[in-house]
Amino acid sequence: GTGFAFSDALAEGDGFAMPIVRTTDRGQTWARVNPARVPSAREGEGGYASSGACAVAGAGGQGWIVTNGGPGQGDTDRILATTDYGQTWTARDVPIGSTEGGVGLSTAAWTDSFQFAGLLGAVDSTVVLRSDDGGFGWERLSGVGAGQVYGLAAYDEEGRTYVAATGPGGLSVSSDGGETWRVLTDAVLWTVAPHPDGGFVAAGRGGIFARIRVE
């Protein structure tokens with residue numbers, strides 16, 4: 001039972017650090033990862049916590065932390081990535097194409113085929129980015145109706161990649177790795193996750209809950 005959690009950037013020494021803690025006993029005890037094994041943080045850098053998707057873990061010791069760059073960091077946000085169950089971390093820059101506040105990275109999801117990142121605001125009509133090399137190179141996806149992405153989820157099944165994005169514009173799904181999208185509902189859903197039996201589950205304010213089947 002290995003897991004990790006993180007804090008927004010804190011002043012530490014002559015700069016800033018993003019403390020990451022790690023557990024190996026299903027959360028019974030936690031210890032901070034050696035700061036020398038975590039990239040230095042930017043002033044004001046942090047994660048968007050509301051949807052619960054700014055930190056995601058995958059198979060084989062993989063994990064991602066999605067951050068907003070903070071003031072004065074240009075048009076590039078970051079993903080902190082681990083491949084050894086959180087013992088060491090590296091930073092991967094994600095160019096979002098905007099310096100406007102409140103537009104940066106909010107969520108992430110990945111499969112063996114693709115990696116996805118969501119934005120808190122549209123940049124040239126783009127709210128979802130896609131990578132096929134572990135998060136080093138990114139392309140913009142069009143046609144996502146969420147407006148802003150609060151929640152993002154994806155899974156592979158029978159050679160296809162299914163993706164769901166939630167936000168103020170509703171819930172959009174793709175069954176071809178993000179090439180095309182369908183808006184299934186305009187309900188404001190804040191979070192989404194793959195369902196063990198296929199499709200997705202999503203939830204929002206006021207007790208809204210949805211089970212989504214994708215064909």
# chains A, B, ... in the order shown; residues from 1 in each chain; ligands from 1
$ closest_atom_pairs --of "region 48-124 of chain A" --to "region 20-26 of chain A" --cutoff "9 Å" --atoms "only C-alpha atoms" --output "Markdown table"
| residue | atom | partner | partner_atom | distance |
| --- | --- | --- | --- | --- |
| A:Tyr85 | CA | A:Arg22 | CA | 8.6 |
| A:Gly86 | CA | A:Arg22 | CA | 6.7 |
| A:Gln87 | CA | A:Arg22 | CA | 8.0 |
$ write_last_selection --atoms "all heavy atoms" --output "PDB file, in the first residue's frame"
ATOM      1  N   TYR A  85       7.612   4.678  -7.320  1.00  0.00           N
ATOM      2  CA  TYR A  85       6.719   4.721  -6.153  1.00  0.00           C
ATOM      3  C   TYR A  85       6.962   5.947  -5.266  1.00  0.00           C
ATOM      4  O   TYR A  85       6.807   5.892  -4.058  1.00  0.00           O
ATOM      5  CB  TYR A  85       6.846   3.444  -5.333  1.00  0.00           C
ATOM      6  CG  TYR A  85       6.414   2.203  -6.070  1.00  0.00           C
ATOM      7  CD1 TYR A  85       7.345   1.441  -6.779  1.00  0.00           C
ATOM      8  CD2 TYR A  85       5.084   1.793  -6.083  1.00  0.00           C
ATOM      9  CE1 TYR A  85       6.958   0.305  -7.481  1.00  0.00           C
ATOM     10  CE2 TYR A  85       4.690   0.656  -6.781  1.00  0.00           C
ATOM     11  CZ  TYR A  85       5.623  -0.082  -7.472  1.00  0.00           C
ATOM     12  OH  TYR A  85       5.231  -1.203  -8.167  1.00  0.00           O
ATOM     13  N   GLY A  86       7.352   7.053  -5.883  1.00  0.00           N
ATOM     14  CA  GLY A  86       7.464   8.304  -5.143  1.00  0.00           C
ATOM     15  C   GLY A  86       8.786   8.548  -4.454  1.00  0.00           C
ATOM     16  O   GLY A  86       8.924   9.522  -3.710  1.00  0.00           O
ATOM     17  N   GLN A  87       9.776   7.711  -4.702  1.00  0.00           N
ATOM     18  CA  GLN A  87      11.065   7.909  -4.035  1.00  0.00           C
ATOM     19  C   GLN A  87      11.870   9.037  -4.659  1.00  0.00           C
ATOM     20  O   GLN A  87      12.606   9.740  -3.964  1.00  0.00           O
ATOM     21  CB  GLN A  87      11.873   6.608  -4.076  1.00  0.00           C
ATOM     22  CG  GLN A  87      11.215   5.458  -3.329  1.00  0.00           C
ATOM     23  CD  GLN A  87      12.039   4.197  -3.393  1.00  0.00           C
ATOM     24  OE1 GLN A  87      12.969   4.001  -2.600  1.00  0.00           O
ATOM     25  NE2 GLN A  87      11.720   3.331  -4.347  1.00  0.00           N
TER      26      GLN A  87
END
$ select_by_dssp --residues "region 14-189 of chain A" --states "strand (DSSP E)" --output "PyMOL selection string"
chain A and resi 15-17+20-23+31-32+55-57+63-67+76-82+90-95+105-110+115-123+126-131+139-141+151-157+160-167+170-174+182-185
$ residues_around --residues "region 185-187 of chain A" --least-positions-apart "2" --cutoff "8 Å" --atoms "only C-alpha atoms" --output "ChimeraX atom specification"
/A:168-172,183,189
$ residues_around --residues "Leu80 (chain A)" --least-positions-apart "6" --cutoff "10 Å" --atoms "only C-alpha atoms" --output "list in words"
Val38, Pro39, Ala55, Gly63, Trp64, Ile65, Val66, Thr67, Thr88, Trp89, Thr90, Ala91, Arg92, Asp93 and Gly135 of chain A
$ residues_around --residues "Ser40 (chain A)" --least-positions-apart "5" --cutoff "9 Å" --atoms "only C-alpha atoms" --output "PyMOL selection string"
chain A and resi 15-18+35
$ write_last_selection --atoms "all heavy atoms" --output "CSV table (one decimal), in the first residue's frame"
chain,number,residue,atom,x,y,z
A,15,GLY,N,15.0,29.4,-1.1
A,15,GLY,CA,14.1,29.3,-2.3
A,15,GLY,C,12.8,28.7,-1.8
A,15,GLY,O,12.3,29.1,-0.7
A,16,PHE,N,12.2,27.9,-2.7
A,16,PHE,CA,10.9,27.3,-2.4
A,16,PHE,C,10.9,25.8,-2.6
A,16,PHE,O,11.6,25.3,-3.5
A,16,PHE,CB,9.8,28.0,-3.3
A,16,PHE,CG,9.6,29.4,-3.0
A,16,PHE,CD1,10.4,30.4,-3.6
A,16,PHE,CD2,8.7,29.8,-2.1
A,16,PHE,CE1,10.3,31.7,-3.4
A,16,PHE,CE2,8.5,31.2,-1.8
A,16,PHE,CZ,9.3,32.1,-2.5
A,17,ALA,N,10.2,25.1,-1.8
A,17,ALA,CA,10.1,23.6,-2.0
A,17,ALA,C,8.6,23.2,-2.0
A,17,ALA,O,7.8,23.9,-1.4
A,17,ALA,CB,10.8,23.0,-0.8
A,18,MET,N,8.4,22.1,-2.7
A,18,MET,CA,7.1,21.5,-2.7
A,18,MET,C,7.2,20.2,-1.9
A,18,MET,O,7.6,19.1,-2.5
A,18,MET,CB,6.6,21.3,-4.1
A,18,MET,CG,5.2,20.7,-4.2
A,18,MET,SD,4.5,20.8,-5.9
A,18,MET,CE,4.3,22.6,-6.0
A,35,PRO,N,14.2,16.1,0.1
A,35,PRO,CA,14.0,17.2,-0.8
A,35,PRO,C,15.0,17.2,-2.0
A,35,PRO,O,14.7,17.8,-3.0
A,35,PRO,CB,14.3,18.4,0.1
A,35,PRO,CG,13.9,17.9,1.5
A,35,PRO,CD,14.3,16.5,1.5
$ residues_around --residues "Gly134 (chain A)" --least-positions-apart "6" --cutoff "9 Å" --atoms "only C-alpha atoms" --output "CSV table (one decimal) with N, CA, C and O atoms, in the first residue's frame"
chain,number,residue,atom,x,y,z
A,110,TRP,N,-3.9,9.3,-17.1
A,110,TRP,CA,-3.0,8.6,-18.1
A,110,TRP,C,-3.4,7.1,-18.2
A,110,TRP,O,-4.0,6.5,-17.3
A,114,PHE,N,-1.8,6.9,-23.8
A,114,PHE,CA,-1.8,8.4,-23.8
A,114,PHE,C,-1.8,8.9,-22.4
A,114,PHE,O,-2.2,8.2,-21.4
A,115,GLN,N,-1.3,10.2,-22.3
A,115,GLN,CA,-1.4,10.9,-21.0
A,115,GLN,C,-2.2,12.2,-21.4
A,115,GLN,O,-2.0,12.8,-22.4
$ closest_residue --among "A:Gly204, A:Gly145, A:Gly1, A:Gly178" --to "Thr191 (chain A)" --atoms "only C-alpha atoms"
A:Gly204
$ closest_residue --among "A:Ala11, A:Phe4, A:Gly47, A:Thr126" --to "Gly27 (chain A)" --atoms "only C-alpha atoms"
A:Phe4
$ atom_distance --atom1 "CA of Ala31 (chain A)" --atom2 "CA of Thr83 (chain A)"
18.1 Å
$ closest_residue --among "A:Asp8, A:Asp197, A:Asp176, A:Asp112" --to "Asn68 (chain A)" --atoms "only C-alpha atoms"
A:Asp8
$ residues_around --residues "Asp124 (chain A)" --least-positions-apart "4" --cutoff "12 Å" --atoms "only C-alpha atoms" --output "VMD selection string"
chain A and resid 96 to 98 103 119 128 140 to 143 147
$ write_last_selection --atoms "N, CA and C atoms" --output "compact mmCIF listing (two decimals), in the first residue's frame"
# COMPACT_ATOMS: atom_id res chain seq x y z
N ILE A 96 1.30 25.80 -21.87
CA ILE A 96 -0.16 25.94 -21.97
C ILE A 96 -0.56 27.08 -22.89
N GLY A 97 0.40 27.95 -23.25
CA GLY A 97 0.11 28.99 -24.23
C GLY A 97 -0.58 30.21 -23.69
N SER A 98 -0.57 30.40 -22.37
CA SER A 98 -1.22 31.57 -21.79
C SER A 98 -0.52 31.95 -20.49
N VAL A 103 -5.74 29.95 -15.47
CA VAL A 103 -5.93 29.19 -16.71
C VAL A 103 -5.11 27.90 -16.70
N LEU A 119 -7.08 21.87 -18.36
CA LEU A 119 -6.83 23.27 -18.03
C LEU A 119 -8.03 23.87 -17.31
N VAL A 128 -8.00 20.55 -23.02
CA VAL A 128 -7.34 19.28 -22.75
C VAL A 128 -6.12 19.14 -23.65
N ARG A 140 -2.56 19.88 -28.48
CA ARG A 140 -3.85 20.40 -28.05
C ARG A 140 -4.98 19.59 -28.69
N LEU A 141 -6.01 19.32 -27.90
CA LEU A 141 -7.18 18.61 -28.40
C LEU A 141 -8.34 19.59 -28.52
N SER A 142 -9.13 19.45 -29.57
CA SER A 142 -10.25 20.35 -29.79
C SER A 142 -11.57 19.59 -29.62
N GLY A 143 -12.64 20.35 -29.47
CA GLY A 143 -13.97 19.75 -29.41
C GLY A 143 -14.44 19.34 -28.04
N GLY A 147 -15.49 23.43 -21.17
CA GLY A 147 -15.25 24.85 -20.90
C GLY A 147 -14.06 25.06 -19.99
$ closest_residue --among "A:Ala49, A:Val192, A:Leu184, A:Ala117" --to "Gly137 (chain A)" --atoms "only C-alpha atoms"
A:Ala117
$ closest_residue --among "A:Gly167, A:Gly118, A:Gly69, A:Gly159" --to "Ala202 (chain A)" --atoms "only C-alpha atoms"
A:Gly167
$ closest_residue --among "A:Ser175, A:Thr180, A:Ala109, A:Ala154" --to "Phe200 (chain A)" --atoms "only C-alpha atoms"
A:Ala154
$ atom_distance --atom1 "CA of Leu120 (chain A)" --atom2 "CA of Tyr150 (chain A)"
6.9 Å
$ atom_distance --atom1 "CA of Glu45 (chain A)" --atom2 "CA of Ser106 (chain A)"
12.1 Å
